[in-house]
>>> print(open('work-v2.cif').read())   # mmCIF, N, CA and C atoms
data_final
#
loop_
_atom_site.label_atom_id
_atom_site.label_comp_id
_atom_site.auth_asym_id
_atom_site.auth_seq_id
_atom_site.Cartn_x
_atom_site.Cartn_y
_atom_site.Cartn_z
N MET V 1 201.59 16.32 18.94
CA MET V 1 200.83 17.50 19.28
C MET V 1 199.59 17.62 18.40
N ARG V 2 199.72 17.38 17.10
CA ARG V 2 198.59 17.48 16.18
C ARG V 2 197.49 16.50 16.56
N ASP V 3 197.87 15.30 17.00
CA ASP V 3 196.90 14.30 17.41
C ASP V 3 196.09 14.80 18.62
N ASN V 4 196.76 15.46 19.57
CA ASN V 4 196.07 16.03 20.73
C ASN V 4 195.10 17.13 20.31
N ALA V 5 195.51 17.95 19.36
CA ALA V 5 194.64 19.03 18.88
C ALA V 5 193.39 18.45 18.22
N GLN V 6 193.54 17.39 17.45
CA GLN V 6 192.38 16.76 16.81
C GLN V 6 191.45 16.14 17.84
N LYS V 7 192.02 15.52 18.87
CA LYS V 7 191.19 14.95 19.93
C LYS V 7 190.43 16.05 20.66
N PHE V 8 191.11 17.14 20.95
CA PHE V 8 190.46 18.26 21.63
C PHE V 8 189.34 18.83 20.77
N ARG V 9 189.61 19.00 19.48
CA ARG V 9 188.58 19.54 18.56
C ARG V 9 187.34 18.65 18.57
N LYS V 10 187.55 17.33 18.47
CA LYS V 10 186.43 16.40 18.47
C LYS V 10 185.65 16.49 19.78
N MET V 11 186.36 16.52 20.89
CA MET V 11 185.71 16.61 22.20
C MET V 11 184.96 17.93 22.34
N PHE V 12 185.56 19.02 21.90
CA PHE V 12 184.93 20.33 21.98
C PHE V 12 183.65 20.37 21.16
N LEU V 13 183.68 19.85 19.93
CA LEU V 13 182.49 19.84 19.08
C LEU V 13 181.38 19.00 19.69
N GLU V 14 181.73 17.90 20.34
CA GLU V 14 180.73 17.10 21.03
C GLU V 14 180.12 17.88 22.20
N MET V 15 180.95 18.60 22.93
CA MET V 15 180.46 19.37 24.09
C MET V 15 179.48 20.47 23.67
N ILE V 16 179.73 21.12 22.56
CA ILE V 16 178.87 22.22 22.12
C ILE V 16 177.79 21.75 21.14
N ASP V 17 177.72 20.44 20.91
CA ASP V 17 176.71 19.83 20.03
C ASP V 17 176.75 20.46 18.63
N SER V 18 177.96 20.57 18.09
CA SER V 18 178.15 21.08 16.74
C SER V 18 178.84 19.99 15.93
N GLN V 19 178.89 20.17 14.63
CA GLN V 19 179.56 19.18 13.79
C GLN V 19 180.82 19.77 13.20
N ASP V 20 181.72 18.89 12.81
CA ASP V 20 182.99 19.34 12.25
C ASP V 20 182.77 19.89 10.85
N SER V 21 183.49 20.93 10.55
CA SER V 21 183.46 21.53 9.22
C SER V 21 184.85 22.09 8.96
N HIS V 22 185.05 22.63 7.78
CA HIS V 22 186.36 23.21 7.49
C HIS V 22 186.50 24.60 8.10
N PHE V 23 185.44 25.09 8.74
CA PHE V 23 185.50 26.37 9.43
C PHE V 23 186.07 26.15 10.83
N SER V 24 186.29 27.22 11.54
CA SER V 24 186.75 27.15 12.91
C SER V 24 185.75 26.36 13.75
N PRO V 25 186.21 25.66 14.81
CA PRO V 25 185.25 24.99 15.69
C PRO V 25 184.36 26.00 16.43
N LEU V 26 184.69 27.28 16.35
CA LEU V 26 183.87 28.31 16.97
C LEU V 26 182.83 28.88 16.00
N VAL V 27 182.63 28.16 14.88
CA VAL V 27 181.51 28.41 13.97
C VAL V 27 180.59 27.21 14.15
N PHE V 28 179.35 27.45 14.54
CA PHE V 28 178.45 26.38 14.91
C PHE V 28 177.60 25.98 13.71
N VAL V 29 177.68 24.69 13.34
CA VAL V 29 176.99 24.19 12.16
C VAL V 29 176.08 23.04 12.56
N LYS V 30 174.80 23.13 12.17
CA LYS V 30 173.82 22.07 12.41
C LYS V 30 173.20 21.70 11.08
N GLY V 31 172.91 20.44 10.87
CA GLY V 31 172.31 19.99 9.62
C GLY V 31 173.36 19.89 8.54
N ALA V 32 172.91 20.02 7.30
CA ALA V 32 173.81 19.84 6.16
C ALA V 32 173.70 21.03 5.20
N PRO V 33 174.20 22.21 5.60
CA PRO V 33 174.15 23.35 4.68
C PRO V 33 175.04 23.10 3.47
N ARG V 34 174.64 23.65 2.32
CA ARG V 34 175.48 23.59 1.12
C ARG V 34 176.22 24.91 1.03
N VAL V 35 177.53 24.85 1.21
CA VAL V 35 178.35 26.06 1.26
C VAL V 35 179.30 26.06 0.08
N GLY V 36 179.30 27.14 -0.68
CA GLY V 36 180.13 27.26 -1.88
C GLY V 36 181.61 27.43 -1.58
N LYS V 37 182.35 27.74 -2.64
CA LYS V 37 183.80 27.91 -2.55
C LYS V 37 184.14 29.31 -2.05
N LYS V 38 185.26 29.42 -1.36
CA LYS V 38 185.79 30.69 -0.88
C LYS V 38 184.78 31.46 -0.02
N VAL V 39 184.17 30.74 0.90
CA VAL V 39 183.23 31.36 1.85
C VAL V 39 183.94 31.51 3.19
N CYS V 40 183.88 32.72 3.73
CA CYS V 40 184.46 32.99 5.05
C CYS V 40 183.33 33.13 6.05
N LEU V 41 183.47 32.46 7.18
CA LEU V 41 182.52 32.59 8.28
C LEU V 41 183.27 33.02 9.52
N GLY V 42 182.85 34.12 10.11
CA GLY V 42 183.50 34.65 11.29
C GLY V 42 183.21 33.84 12.53
N LEU V 43 184.05 34.04 13.53
CA LEU V 43 183.90 33.31 14.79
C LEU V 43 182.55 33.57 15.43
N PHE V 44 182.06 32.56 16.09
CA PHE V 44 180.80 32.59 16.84
C PHE V 44 179.57 32.80 15.94
N SER V 45 179.72 32.50 14.66
CA SER V 45 178.56 32.52 13.77
C SER V 45 177.91 31.14 13.80
N GLU V 46 176.65 31.10 13.36
CA GLU V 46 175.86 29.87 13.40
C GLU V 46 175.17 29.66 12.07
N ILE V 47 175.21 28.42 11.59
CA ILE V 47 174.37 28.00 10.47
C ILE V 47 173.53 26.84 10.99
N ASN V 48 172.23 27.06 11.10
CA ASN V 48 171.32 25.99 11.52
C ASN V 48 170.50 25.60 10.30
N ALA V 49 170.84 24.43 9.75
CA ALA V 49 170.12 23.89 8.59
C ALA V 49 169.36 22.63 8.97
N ASN V 50 169.04 22.47 10.25
CA ASN V 50 168.27 21.30 10.69
C ASN V 50 166.85 21.37 10.18
N GLY V 51 166.48 20.48 9.29
CA GLY V 51 165.10 20.37 8.84
C GLY V 51 164.73 21.22 7.64
N ALA V 52 165.64 22.04 7.15
CA ALA V 52 165.38 22.82 5.94
C ALA V 52 166.71 23.15 5.28
N GLU V 53 166.64 23.46 4.01
CA GLU V 53 167.84 23.68 3.21
C GLU V 53 168.44 25.06 3.46
N VAL V 54 169.77 25.10 3.58
CA VAL V 54 170.53 26.35 3.58
C VAL V 54 171.55 26.23 2.46
N ILE V 55 171.53 27.20 1.55
CA ILE V 55 172.48 27.25 0.44
C ILE V 55 173.21 28.58 0.53
N ILE V 56 174.54 28.51 0.55
CA ILE V 56 175.37 29.72 0.54
C ILE V 56 176.28 29.61 -0.68
N GLY V 57 176.19 30.60 -1.57
CA GLY V 57 176.96 30.59 -2.82
C GLY V 57 178.44 30.85 -2.60
N ASP V 58 179.17 30.94 -3.70
CA ASP V 58 180.62 31.17 -3.67
C ASP V 58 180.95 32.61 -3.27
N ASN V 59 182.14 32.78 -2.75
CA ASN V 59 182.73 34.11 -2.48
C ASN V 59 181.90 34.96 -1.51
N CYS V 60 181.29 34.33 -0.54
CA CYS V 60 180.53 35.08 0.46
C CYS V 60 181.41 35.34 1.67
N ASP V 61 181.18 36.45 2.32
CA ASP V 61 181.88 36.82 3.55
C ASP V 61 180.83 37.06 4.61
N ILE V 62 180.81 36.18 5.59
CA ILE V 62 179.85 36.27 6.67
C ILE V 62 180.64 36.56 7.94
N ALA V 63 180.39 37.71 8.54
CA ALA V 63 181.18 38.20 9.67
C ALA V 63 180.89 37.39 10.94
N SER V 64 181.54 37.78 12.02
CA SER V 64 181.35 37.15 13.32
C SER V 64 179.96 37.43 13.88
N PHE V 65 179.50 36.52 14.72
CA PHE V 65 178.25 36.66 15.45
C PHE V 65 177.02 36.79 14.54
N VAL V 66 177.03 36.06 13.41
CA VAL V 66 175.89 36.04 12.50
C VAL V 66 175.13 34.73 12.71
N SER V 67 173.82 34.81 12.75
CA SER V 67 172.99 33.62 12.88
C SER V 67 172.18 33.45 11.60
N ILE V 68 172.37 32.30 10.95
CA ILE V 68 171.61 31.91 9.77
C ILE V 68 170.81 30.69 10.23
N ASN V 69 169.49 30.87 10.44
CA ASN V 69 168.74 29.88 11.19
C ASN V 69 167.38 29.61 10.54
N VAL V 70 167.18 28.37 10.08
CA VAL V 70 165.95 28.00 9.40
C VAL V 70 164.77 27.80 10.35
N SER V 71 165.05 27.69 11.66
CA SER V 71 164.02 27.32 12.64
C SER V 71 163.39 28.52 13.32
N ASP V 72 162.08 28.41 13.55
CA ASP V 72 161.36 29.39 14.34
C ASP V 72 160.41 28.63 15.26
N SER V 73 160.68 28.66 16.55
CA SER V 73 159.90 27.84 17.50
C SER V 73 158.93 28.65 18.34
N HIS V 74 158.80 29.95 18.08
CA HIS V 74 157.98 30.75 18.99
C HIS V 74 156.50 30.34 19.00
N LYS V 75 155.96 29.96 17.86
CA LYS V 75 154.55 29.56 17.81
C LYS V 75 154.32 28.23 18.53
N ARG V 76 155.28 27.33 18.43
CA ARG V 76 155.18 26.06 19.17
C ARG V 76 155.29 26.33 20.66
N CYS V 77 156.20 27.20 21.03
CA CYS V 77 156.45 27.49 22.44
C CYS V 77 155.22 28.06 23.15
N ILE V 78 154.47 28.91 22.47
CA ILE V 78 153.30 29.51 23.11
C ILE V 78 152.01 28.75 22.81
N GLY V 79 152.11 27.61 22.11
CA GLY V 79 150.97 26.74 21.92
C GLY V 79 150.15 26.97 20.66
N LEU V 80 150.64 27.77 19.72
CA LEU V 80 149.90 28.00 18.47
C LEU V 80 150.14 26.91 17.42
N LYS V 81 151.25 26.19 17.55
CA LYS V 81 151.58 25.11 16.61
C LYS V 81 152.17 23.95 17.40
N LYS V 82 152.10 22.77 16.79
CA LYS V 82 152.69 21.59 17.44
C LYS V 82 154.14 21.36 17.03
N GLU V 83 154.53 21.91 15.89
CA GLU V 83 155.86 21.69 15.34
C GLU V 83 156.63 23.00 15.23
N ILE V 84 157.94 22.89 15.22
CA ILE V 84 158.80 24.04 14.94
C ILE V 84 158.73 24.32 13.44
N GLU V 85 158.53 25.58 13.06
CA GLU V 85 158.54 25.95 11.65
C GLU V 85 159.98 25.96 11.16
N ARG V 86 160.21 25.38 9.99
CA ARG V 86 161.54 25.34 9.39
C ARG V 86 161.39 25.73 7.92
N ARG V 87 162.11 26.77 7.53
CA ARG V 87 162.00 27.27 6.16
C ARG V 87 163.39 27.47 5.57
N PRO V 88 163.53 27.28 4.26
CA PRO V 88 164.85 27.34 3.61
C PRO V 88 165.43 28.76 3.57
N ILE V 89 166.74 28.79 3.40
CA ILE V 89 167.49 30.05 3.26
C ILE V 89 168.43 29.89 2.07
N VAL V 90 168.43 30.88 1.17
CA VAL V 90 169.36 30.90 0.04
C VAL V 90 170.12 32.22 0.09
N ILE V 91 171.44 32.12 0.09
CA ILE V 91 172.32 33.29 -0.01
C ILE V 91 173.14 33.07 -1.27
N GLU V 92 172.87 33.87 -2.29
CA GLU V 92 173.57 33.69 -3.56
C GLU V 92 175.04 34.09 -3.42
N SER V 93 175.80 33.98 -4.49
CA SER V 93 177.23 34.27 -4.49
C SER V 93 177.53 35.75 -4.30
N ASN V 94 178.74 36.02 -3.78
CA ASN V 94 179.26 37.38 -3.62
C ASN V 94 178.37 38.24 -2.71
N VAL V 95 178.00 37.68 -1.57
CA VAL V 95 177.18 38.40 -0.59
C VAL V 95 178.02 38.64 0.65
N PHE V 96 177.94 39.84 1.20
CA PHE V 96 178.57 40.17 2.47
C PHE V 96 177.48 40.34 3.52
N ILE V 97 177.65 39.67 4.66
CA ILE V 97 176.72 39.82 5.78
C ILE V 97 177.54 40.30 6.98
N GLY V 98 177.20 41.49 7.47
CA GLY V 98 177.93 42.11 8.56
C GLY V 98 177.68 41.46 9.91
N SER V 99 178.50 41.82 10.86
CA SER V 99 178.47 41.27 12.20
C SER V 99 177.12 41.48 12.88
N HIS V 100 176.75 40.52 13.71
CA HIS V 100 175.55 40.58 14.55
C HIS V 100 174.24 40.64 13.75
N CYS V 101 174.21 40.00 12.58
CA CYS V 101 172.98 39.91 11.81
C CYS V 101 172.26 38.61 12.13
N PHE V 102 170.96 38.60 11.89
CA PHE V 102 170.15 37.40 12.02
C PHE V 102 169.39 37.20 10.72
N VAL V 103 169.60 36.04 10.07
CA VAL V 103 168.93 35.71 8.82
C VAL V 103 167.89 34.64 9.13
N LYS V 104 166.61 35.01 8.99
CA LYS V 104 165.51 34.10 9.29
C LYS V 104 165.25 33.14 8.14
N GLY V 105 164.45 32.11 8.42
CA GLY V 105 164.03 31.18 7.39
C GLY V 105 163.16 31.86 6.35
N ASN V 106 163.09 31.28 5.18
CA ASN V 106 162.31 31.78 4.05
C ASN V 106 162.89 33.09 3.50
N VAL V 107 164.21 33.18 3.51
CA VAL V 107 164.94 34.34 2.98
C VAL V 107 165.72 33.90 1.75
N HIS V 108 165.74 34.77 0.74
CA HIS V 108 166.57 34.56 -0.45
C HIS V 108 167.29 35.88 -0.72
N ILE V 109 168.62 35.88 -0.56
CA ILE V 109 169.43 37.09 -0.76
C ILE V 109 170.12 36.98 -2.11
N GLY V 110 169.86 37.94 -2.99
CA GLY V 110 170.45 37.95 -4.33
C GLY V 110 171.94 38.24 -4.33
N HIS V 111 172.61 37.83 -5.38
CA HIS V 111 174.06 37.97 -5.52
C HIS V 111 174.50 39.43 -5.45
N HIS V 112 175.75 39.65 -5.06
CA HIS V 112 176.37 40.97 -4.98
C HIS V 112 175.60 41.93 -4.07
N SER V 113 175.04 41.38 -3.00
CA SER V 113 174.32 42.21 -2.03
C SER V 113 175.13 42.34 -0.75
N VAL V 114 174.81 43.38 0.02
CA VAL V 114 175.45 43.63 1.31
C VAL V 114 174.34 43.74 2.35
N VAL V 115 174.52 43.01 3.45
CA VAL V 115 173.63 43.12 4.60
C VAL V 115 174.44 43.81 5.69
N ALA V 116 174.02 45.00 6.08
CA ALA V 116 174.76 45.81 7.05
C ALA V 116 174.70 45.17 8.44
N ALA V 117 175.71 45.47 9.24
CA ALA V 117 175.81 44.93 10.59
C ALA V 117 174.54 45.20 11.39
N GLY V 118 174.14 44.20 12.17
CA GLY V 118 173.01 44.35 13.06
C GLY V 118 171.64 44.19 12.42
N THR V 119 171.58 43.87 11.15
CA THR V 119 170.30 43.76 10.45
C THR V 119 169.61 42.44 10.78
N ILE V 120 168.31 42.50 10.98
CA ILE V 120 167.50 41.30 11.08
C ILE V 120 166.84 41.11 9.72
N VAL V 121 167.25 40.06 9.02
CA VAL V 121 166.77 39.84 7.65
C VAL V 121 165.46 39.06 7.71
N GLU V 122 164.39 39.73 7.33
CA GLU V 122 163.04 39.18 7.37
C GLU V 122 162.78 38.31 6.14
N PRO V 123 161.81 37.38 6.24
CA PRO V 123 161.48 36.53 5.10
C PRO V 123 161.13 37.33 3.85
N GLY V 124 161.56 36.80 2.73
CA GLY V 124 161.27 37.42 1.44
C GLY V 124 162.46 37.31 0.52
N ARG V 125 162.32 37.90 -0.65
CA ARG V 125 163.36 37.85 -1.68
C ARG V 125 164.02 39.21 -1.80
N ILE V 126 165.33 39.23 -1.65
CA ILE V 126 166.13 40.46 -1.78
C ILE V 126 166.80 40.41 -3.14
N PRO V 127 166.56 41.41 -3.99
CA PRO V 127 167.12 41.37 -5.34
C PRO V 127 168.66 41.49 -5.33
N PRO V 128 169.31 41.02 -6.41
CA PRO V 128 170.76 41.20 -6.53
C PRO V 128 171.17 42.67 -6.41
N TYR V 129 172.40 42.89 -6.00
CA TYR V 129 173.02 44.22 -5.90
C TYR V 129 172.35 45.13 -4.86
N SER V 130 171.67 44.55 -3.89
CA SER V 130 170.95 45.35 -2.90
C SER V 130 171.81 45.67 -1.69
N LEU V 131 171.46 46.75 -1.02
CA LEU V 131 171.97 47.08 0.31
C LEU V 131 170.81 46.89 1.27
N VAL V 132 171.03 46.06 2.28
CA VAL V 132 170.00 45.75 3.26
C VAL V 132 170.51 46.23 4.61
N TYR V 133 169.66 46.95 5.34
CA TYR V 133 170.13 47.50 6.62
C TYR V 133 168.96 47.72 7.57
N GLY V 134 169.27 47.71 8.85
CA GLY V 134 168.33 48.15 9.86
C GLY V 134 167.44 47.10 10.48
N ASN V 135 166.71 47.59 11.47
CA ASN V 135 165.72 46.81 12.18
C ASN V 135 164.62 47.77 12.60
N PRO V 136 163.51 47.84 11.87
CA PRO V 136 163.13 46.90 10.82
C PRO V 136 163.97 47.07 9.55
N MET V 137 164.09 45.98 8.84
CA MET V 137 164.93 45.91 7.66
C MET V 137 164.43 46.85 6.56
N LYS V 138 165.40 47.51 5.91
CA LYS V 138 165.11 48.32 4.72
C LYS V 138 166.00 47.79 3.59
N ILE V 139 165.52 47.89 2.37
CA ILE V 139 166.26 47.41 1.20
C ILE V 139 166.43 48.54 0.21
N LYS V 140 167.67 48.82 -0.18
CA LYS V 140 167.94 49.72 -1.31
C LYS V 140 168.25 48.81 -2.50
N LYS V 141 167.23 48.58 -3.31
CA LYS V 141 167.37 47.68 -4.46
C LYS V 141 168.33 48.27 -5.48
N GLY V 142 169.22 47.43 -6.01
CA GLY V 142 170.14 47.85 -7.07
C GLY V 142 171.21 48.82 -6.63
N TYR V 143 171.40 49.02 -5.34
CA TYR V 143 172.35 50.00 -4.81
C TYR V 143 173.76 49.80 -5.36
N TYR V 144 174.18 48.54 -5.52
CA TYR V 144 175.54 48.26 -5.96
C TYR V 144 175.64 47.99 -7.47
N ARG V 145 174.55 47.99 -8.19
CA ARG V 145 174.58 47.64 -9.61
C ARG V 145 175.52 48.54 -10.41
N LYS V 146 175.45 49.84 -10.23
CA LYS V 146 176.30 50.78 -10.99
C LYS V 146 177.70 50.89 -10.41
N LYS V 147 177.88 50.48 -9.17
CA LYS V 147 179.19 50.59 -8.52
C LYS V 147 180.12 49.45 -8.90
N ILE V 148 179.54 48.33 -9.36
CA ILE V 148 180.38 47.15 -9.67
C ILE V 148 180.70 47.13 -11.16
#
>>> encode(input="work-v2.cif", output="structure tokens")
Amino acid sequence: MRDNAQKFRKMFLEMIDSQDSHFSPLVFVKGAPRVGKKVCLGLFSEINANGAEVIIGDNCDIASFVSINVSDSHKRCIGLKKEIERRPIVIESNVFIGSHCFVKGNVHIGHHSVVAAGTIVEPGRIPPYSLVYGNPMKIKKGYYRKKI
């Protein structure tokens, strides 16, 4: 039975053009992200590290339906650029990212931060201990510093 499950997993990953990882096959991984220890990724989340670095620190909890994506093709699509823009993403240790968030390229999220559900994380540096929420994104710097 285990052999059949492994064959199915391999076939399924080929069908959805994803690579095998220690996460569920329903977590979509492209490229070679560097993922720390004790990181949880919820079902139907995506890490796209094709063409740029993605680093996720230790003890992070990334909920379901989160997209961490280094690529932005809109300028190529409408004819403003010839190439897809690809920018790195760094998520330091002890970060929580709520369900249905989108983390764009050129983002650096500081340790012990929380990104609230549904937030679109825009390029830039988010300081440690921050609360990030909304669309457009708002940052409460140091929100968790005194609470931890």
>>> select_by_dssp(input="work-v2.cif", residues="region 34-95 of chain V", states="alpha helix (DSSP H)", output="list of chain:residue names")
V:His74, V:Lys75, V:Arg76, V:Cys77
>>> residues_around(input="work-v2.cif", residues="Lys30 (chain V)", least_positions_apart="6", cutoff="6 Å", atoms="only C-alpha atoms", output="list of chain:residue names")
V:Asn48, V:Ala49, V:Asn50
>>> atom_distance(input="work-v2.cif", atom1="CA of Pro128 (chain V)", atom2="CA of Ala63 (chain V)")
19.5 Å
>>> atom_distance(input="work-v2.cif", atom1="CA of Ser45 (chain V)", atom2="atom N of Gly118 (chain V)")
12.6 Å
>>> closest_residue(input="work-v2.cif", among="V:Gly79, V:Ile62, V:Arg86, V:Ala5", to="Val114 (chain V)", atoms="only C-alpha atoms")
V:Ile62
>>> closest_residue(input="work-v2.cif", among="V:Asn4, V:Ser93, V:Ser71, V:Asn106", to="Pro123 (chain V)", atoms="only C-alpha atoms")
V:Asn106
>>> closest_residue(input="work-v2.cif", among="V:Ile120, V:Asn59, V:Ile68, V:Ala32", to="Ile47 (chain V)", atoms="all atoms listed in the file")
V:Ile68
>>> residues_near_point(input="work-v2.cif", point="(168.2, 36.1, -3.0)", cutoff="6.5 Å", atoms="all atoms listed in the file", output="list in words")
Val90, Ile91, Glu92, Val107, His108, Ile109, Gly110, His111, Arg125, Ile126, Pro127 and Pro128 of chain V
>>> resolve_selection(input="work-v2.cif", expression="the PyMOL selection byres ((chain V and resi 100) around 6.5)", output="PyMOL selection string")
chain V and resi 63-67+98-99+101-102+117-119
>>> resolve_selection(input="work-v2.cif", expression="the PyMOL selection byres ((chain V and resi 132) around 6.5)", output="PyMOL selection string")
chain V and resi 113-116+119+130-131+133-134+137-140
>>> write_last_selection(input="work-v2.cif", atoms="N, CA and C atoms", output="short mmCIF file (atom, residue, chain, number, x, y, z; two decimals), keeping the file's coordinate frame")
data_model
loop_
_atom_site.label_atom_id
_atom_site.label_comp_id
_atom_site.auth_asym_id
_atom_site.auth_seq_id
_atom_site.Cartn_x
_atom_site.Cartn_y
_atom_site.Cartn_z
N SER V 113 175.04 41.38 -3.00
CA SER V 113 174.32 42.21 -2.03
C SER V 113 175.13 42.34 -0.75
N VAL V 114 174.81 43.38 0.02
CA VAL V 114 175.45 43.63 1.31
C VAL V 114 174.34 43.74 2.35
N VAL V 115 174.52 43.01 3.45
CA VAL V 115 173.63 43.12 4.60
C VAL V 115 174.44 43.81 5.69
N ALA V 116 174.02 45.00 6.08
CA ALA V 116 174.76 45.81 7.05
C ALA V 116 174.70 45.17 8.44
N THR V 119 171.58 43.87 11.15
CA THR V 119 170.30 43.76 10.45
C THR V 119 169.61 42.44 10.78
N SER V 130 171.67 44.55 -3.89
CA SER V 130 170.95 45.35 -2.90
C SER V 130 171.81 45.67 -1.69
N LEU V 131 171.46 46.75 -1.02
CA LEU V 131 171.97 47.08 0.31
C LEU V 131 170.81 46.89 1.27
N TYR V 133 169.66 46.95 5.34
CA TYR V 133 170.13 47.50 6.62
C TYR V 133 168.96 47.72 7.57
N GLY V 134 169.27 47.71 8.85
CA GLY V 134 168.33 48.15 9.86
C GLY V 134 167.44 47.10 10.48
N MET V 137 164.09 45.98 8.84
CA MET V 137 164.93 45.91 7.66
C MET V 137 164.43 46.85 6.56
N LYS V 138 165.40 47.51 5.91
CA LYS V 138 165.11 48.32 4.72
C LYS V 138 166.00 47.79 3.59
N ILE V 139 165.52 47.89 2.37
CA ILE V 139 166.26 47.41 1.20
C ILE V 139 166.43 48.54 0.21
N LYS V 140 167.67 48.82 -0.18
CA LYS V 140 167.94 49.72 -1.31
C LYS V 140 168.25 48.81 -2.50
#
>>> atom_distance(input="work-v2.cif", atom1="atom N of Phe96 (chain V)", atom2="atom N of Ser73 (chain V)")
25.7 Å
>>> closest_residue(input="work-v2.cif", among="V:Pro88, V:Ile97, V:Gly42, V:Lys81", to="Ile55 (chain V)", atoms="only C-alpha atoms")
V:Pro88
>>> axis_aligned_box(input="work-v2.cif", around="region 42-47 of chain V", padding_each_side="8 Å", output="AutoDock Vina command-line options")
--center_x 178.8 --center_y 30.7 --center_z 13.5 --size_x 26.5 --size_y 23.8 --size_z 22.7
>>> resolve_selection(input="work-v2.cif", expression="the PyMOL selection byres ((chain V and resi 85) around 8)", output="CSV table (one decimal) with N, CA and C atoms, in the coordinates of the input")
chain,number,residue,atom,x,y,z
V,51,GLY,N,166.5,20.5,9.3
V,51,GLY,CA,165.1,20.4,8.8
V,51,GLY,C,164.7,21.2,7.6
V,52,ALA,N,165.6,22.0,7.2
V,52,ALA,CA,165.4,22.8,5.9
V,52,ALA,C,166.7,23.2,5.3
V,70,VAL,N,167.2,28.4,10.1
V,70,VAL,CA,166.0,28.0,9.4
V,70,VAL,C,164.8,27.8,10.4
V,71,SER,N,165.0,27.7,11.7
V,71,SER,CA,164.0,27.3,12.6
V,71,SER,C,163.4,28.5,13.3
V,72,ASP,N,162.1,28.4,13.6
V,72,ASP,CA,161.4,29.4,14.3
V,72,ASP,C,160.4,28.6,15.3
V,73,SER,N,160.7,28.7,16.6
V,73,SER,CA,159.9,27.8,17.5
V,73,SER,C,158.9,28.6,18.3
V,74,HIS,N,158.8,30.0,18.1
V,74,HIS,CA,158.0,30.8,19.0
V,74,HIS,C,156.5,30.3,19.0
V,75,LYS,N,156.0,30.0,17.9
V,75,LYS,CA,154.6,29.6,17.8
V,75,LYS,C,154.3,28.2,18.5
V,76,ARG,N,155.3,27.3,18.4
V,76,ARG,CA,155.2,26.1,19.2
V,76,ARG,C,155.3,26.3,20.7
V,81,LYS,N,151.2,26.2,17.6
V,81,LYS,CA,151.6,25.1,16.6
V,81,LYS,C,152.2,24.0,17.4
V,82,LYS,N,152.1,22.8,16.8
V,82,LYS,CA,152.7,21.6,17.4
V,82,LYS,C,154.1,21.4,17.0
V,83,GLU,N,154.5,21.9,15.9
V,83,GLU,CA,155.9,21.7,15.3
V,83,GLU,C,156.6,23.0,15.2
V,84,ILE,N,157.9,22.9,15.2
V,84,ILE,CA,158.8,24.0,14.9
V,84,ILE,C,158.7,24.3,13.4
V,86,ARG,N,160.2,25.4,10.0
V,86,ARG,CA,161.5,25.3,9.4
V,86,ARG,C,161.4,25.7,7.9
V,87,ARG,N,162.1,26.8,7.5
V,87,ARG,CA,162.0,27.3,6.2
V,87,ARG,C,163.4,27.5,5.6
V,88,PRO,N,163.5,27.3,4.3
V,88,PRO,CA,164.8,27.3,3.6
V,88,PRO,C,165.4,28.8,3.6
V,105,GLY,N,164.4,32.1,8.4
V,105,GLY,CA,164.0,31.2,7.4
V,105,GLY,C,163.2,31.9,6.4
>>> closest_residue(input="work-v2.cif", among="V:Lys104, V:Leu41, V:Tyr143, V:Cys77", to="Gly124 (chain V)", atoms="all atoms listed in the file")
V:Lys104
